[in-house]
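Beneath this line is the structure, given in structure tokens, with notes to follow.
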Amino acid sequence: MATPTVHIWRQREIVTADTMNRFVRDVHTFLYRPPACKVTARQRGSHSGANASGAYGRGWIPFNSWTTIPWSAPGRGTQPAEEYDPSGMAKPGEGEAVWRLVAPEDGLYAVTFGGVIETNGEANNVHFRLAKNQMTDGQWNTGSAVFASHCPGRTQATDGVSRYIGSISTTINLARGETVSAAGIADKDFILGRSDVPGRSFLEMRWVGRLP
């Protein structure tokens, strides 16, 4: 549903069923269920690229290299009942993974990222970024389109594997067709999305308003 037009009521304006539907009912319907999408990630493979596997391609992120995070399509992730995309934001690409969310309408969007990360050994640098209109991994190095970043803290380390949990939440103004994606980097190979904590690794975007 397209963003409804705000109607300025005129004095003595004749109210009809059509105007009430367009300027009251449709507006309330849009605000009650605005464009929104949530995709999740599951562990695919191991900490080694040689052992990465799965229907959606790589499940690991190589060390010291900014890499766009792939997501499962809505309904095919770790928590299908909690994943949604009534607005068509998720555009499956390479290997059917979702690499970015596309804004269906102009406006302000609340964007939230959550990640459960495990590194092959203790990492001194684990860093995530959110950016708009990123089309290649190389673009993450410049940081020119980055609008949020986070360095998560380590929560535990066992058997040579360290776990980090982090989240980012912010609001950004997007034009229709602009995209949002997430990327990560660490000084150790790492995987995102643990099966024992399903739904904790996700990217969510929701239309929350528009600038005057």
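Starting from 1 in every chain, residues are counted up; chains themselves are A, B, ... following the order of the structure tokens, and ligands are numbered from 1 as listed.
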For stretch 117-119 of chain A, list every protein, DNA or RNA residue within 6 Å, evaluated using only C-alpha atoms, and leave out those in the same chain fewer than 3 positions away; present the list as a list in words.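 Surrounding residues, per the criterion: Val161, Ser162, Arg163, Tyr164, Lys188, Asp189, Phe190, Ile191 and Leu192 of chain A.
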Those of stretch 8-185 of chain A in DSSP alpha helix (DSSP H), formatted as a list in words: Ala17, Asp18, Thr19, Met20, Asp26, Val27, His28, Thr29, Phe30, Leu31 and Tyr32 of chain A
Expected file: the selected residues, N, CA, C and O atoms, as a PDB file, in the first residue's frame:
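Writing done, so here's part.pdb:
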```
ATOM      1  N   ALA A  17     -18.378   9.031   1.207  1.00  0.00           N
ATOM      2  CA  ALA A  17     -17.804   7.737   1.581  1.00  0.00           C
ATOM      3  C   ALA A  17     -16.406   7.585   0.995  1.00  0.00           C
ATOM      4  O   ALA A  17     -15.498   7.050   1.634  1.00  0.00           O
ATOM      5  N   ASP A  18     -16.211   8.091  -0.231  1.00  0.00           N
ATOM      6  CA  ASP A  18     -14.910   7.987  -0.877  1.00  0.00           C
ATOM      7  C   ASP A  18     -13.844   8.786  -0.131  1.00  0.00           C
ATOM      8  O   ASP A  18     -12.739   8.287   0.101  1.00  0.00           O
ATOM      9  N   THR A  19     -14.148  10.018   0.247  1.00  0.00           N
ATOM     10  CA  THR A  19     -13.154  10.824   0.962  1.00  0.00           C
ATOM     11  C   THR A  19     -12.869  10.243   2.343  1.00  0.00           C
ATOM     12  O   THR A  19     -11.735  10.259   2.807  1.00  0.00           O
ATOM     13  N   MET A  20     -13.876   9.730   3.023  1.00  0.00           N
ATOM     14  CA  MET A  20     -13.653   9.119   4.337  1.00  0.00           C
ATOM     15  C   MET A  20     -12.760   7.888   4.202  1.00  0.00           C
ATOM     16  O   MET A  20     -11.883   7.660   5.037  1.00  0.00           O
ATOM     17  N   ASP A  26      -7.963   4.636   4.987  1.00  0.00           N
ATOM     18  CA  ASP A  26      -6.706   4.192   4.379  1.00  0.00           C
ATOM     19  C   ASP A  26      -5.497   4.682   5.164  1.00  0.00           C
ATOM     20  O   ASP A  26      -4.485   3.980   5.265  1.00  0.00           O
ATOM     21  N   VAL A  27      -5.579   5.899   5.698  1.00  0.00           N
ATOM     22  CA  VAL A  27      -4.475   6.428   6.501  1.00  0.00           C
ATOM     23  C   VAL A  27      -4.290   5.604   7.767  1.00  0.00           C
ATOM     24  O   VAL A  27      -3.171   5.228   8.136  1.00  0.00           O
ATOM     25  N   HIS A  28      -5.395   5.296   8.445  1.00  0.00           N
ATOM     26  CA  HIS A  28      -5.307   4.501   9.672  1.00  0.00           C
ATOM     27  C   HIS A  28      -4.785   3.091   9.373  1.00  0.00           C
ATOM     28  O   HIS A  28      -3.988   2.539  10.140  1.00  0.00           O
ATOM     29  N   THR A  29      -5.238   2.516   8.254  1.00  0.00           N
ATOM     30  CA  THR A  29      -4.773   1.182   7.870  1.00  0.00           C
ATOM     31  C   THR A  29      -3.273   1.177   7.627  1.00  0.00           C
ATOM     32  O   THR A  29      -2.549   0.275   8.059  1.00  0.00           O
ATOM     33  N   PHE A  30      -2.779   2.207   6.940  1.00  0.00           N
ATOM     34  CA  PHE A  30      -1.342   2.301   6.652  1.00  0.00           C
ATOM     35  C   PHE A  30      -0.540   2.467   7.938  1.00  0.00           C
ATOM     36  O   PHE A  30       0.494   1.812   8.122  1.00  0.00           O
ATOM     37  N   LEU A  31      -1.004   3.336   8.829  1.00  0.00           N
ATOM     38  CA  LEU A  31      -0.268   3.574  10.071  1.00  0.00           C
ATOM     39  C   LEU A  31      -0.312   2.368  11.001  1.00  0.00           C
ATOM     40  O   LEU A  31       0.628   2.132  11.773  1.00  0.00           O
ATOM     41  N   TYR A  32      -1.381   1.592  10.917  1.00  0.00           N
ATOM     42  CA  TYR A  32      -1.497   0.400  11.760  1.00  0.00           C
ATOM     43  C   TYR A  32      -0.553  -0.697  11.279  1.00  0.00           C
ATOM     44  O   TYR A  32       0.018  -1.441  12.076  1.00  0.00           O
TER      45      TYR A  32
END
```
Do a neighbour search on stretch 83-91 of chain A at 6 Å with only C-alpha atoms, toss out local chain neighbours closer than 6 positions, and write the hits as an mmCIF file with C-alpha atoms, in the first residue's frame.
```cif
data_model
loop_
_atom_site.group_PDB
_atom_site.id
_atom_site.type_symbol
_atom_site.label_atom_id
_atom_site.label_comp_id
_atom_site.auth_asym_id
_atom_site.auth_seq_id
_atom_site.Cartn_x
_atom_site.Cartn_y
_atom_site.Cartn_z
ATOM 1 C CA PRO A 35 5.867 -1.222 5.443
ATOM 2 C CA CYS A 37 10.402 -6.514 7.051
ATOM 3 C CA LYS A 38 12.408 -8.864 9.262
ATOM 4 C CA VAL A 39 14.942 -11.428 8.027
ATOM 5 C CA PRO A 74 11.344 -14.365 5.267
ATOM 6 C CA GLY A 75 9.752 -17.591 6.421
ATOM 7 C CA VAL A 98 18.781 -11.655 0.877
ATOM 8 C CA LEU A 101 16.355 -4.531 2.145
ATOM 9 C CA VAL A 102 14.750 -2.088 -0.307
#
```
With only C-alpha atoms as the counted atoms, please give the residues lying no more than 10 Å from A:Phe128, apart from itself and same-chain residues fewer than 6 positions off, as a ChimeraX atom specification. /A:66-69,113-115,148-152,166-168,182-186
Min atom-atom distance to A:Pro70 from the set A:Asp106, A:Glu82, A:Asp159, A:Asp137, counting only C-alpha atoms, belongs to A:Asp137
Step one, run DSSP on the backbone; step two, keep only residues of chain A assigned to strand (DSSP E); then write them as a PyMOL selection string. chain A and resi 36-40+60-61+67-68+90-92+98-102+107-120+126-132+146-150+153-158+161-174+179-186+190-192+202-209
Find the spatial neighbours of A:Met205, counting only C-alpha atoms, within a cut-off of 7 Å - ignore same-chain residues fewer than 6 positions away - and output them as a VMD selection string. chain A and resid 36 to 38 109 to 112
One decimal, Å: what's the distance from atom CA of A:Asn64 over to atom CA of A:Val180, could you say?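 About the pair atom CA of A:Asn64 and atom CA of A:Val180: they are 22.0 Å apart.
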For each of A:Asn21, A:Thr170, A:Thr158, A:Thr179, take the minimum atom-to-atom distance to A:Asn120, counting only C-alpha atoms, then give the residue where this is smallest. A:Thr158
Who sits within 6 Å of A:Ser72, only C-alpha atoms, same chain under 3 positions skipped, as a PyMOL selection string: chain A and resi 40-41+76-77+97
Pull N, CA and C atoms from the residues just selected and write them as a PDB file, in the first residue's frame.
```pdb
ATOM      1  N   THR A  40      16.221 -13.188   9.101  1.00  0.00           N
ATOM      2  CA  THR A  40      17.125 -13.736  10.101  1.00  0.00           C
ATOM      3  C   THR A  40      18.240 -14.541   9.440  1.00  0.00           C
ATOM      4  N   ALA A  41      19.272 -14.846  10.233  1.00  0.00           N
ATOM      5  CA  ALA A  41      20.424 -15.618   9.755  1.00  0.00           C
ATOM      6  C   ALA A  41      20.560 -16.879  10.589  1.00  0.00           C
ATOM      7  N   ARG A  76      11.947 -18.504   5.913  1.00  0.00           N
ATOM      8  CA  ARG A  76      12.885 -19.592   5.676  1.00  0.00           C
ATOM      9  C   ARG A  76      14.084 -19.510   6.620  1.00  0.00           C
ATOM     10  N   GLY A  77      13.998 -18.643   7.621  1.00  0.00           N
ATOM     11  CA  GLY A  77      15.079 -18.478   8.570  1.00  0.00           C
ATOM     12  C   GLY A  77      14.890 -19.331   9.809  1.00  0.00           C
ATOM     13  N   ALA A  97      19.851 -15.917  -1.210  1.00  0.00           N
ATOM     14  CA  ALA A  97      20.030 -15.153   0.024  1.00  0.00           C
ATOM     15  C   ALA A  97      19.550 -13.729  -0.192  1.00  0.00           C
TER      16      ALA A  97
END
```
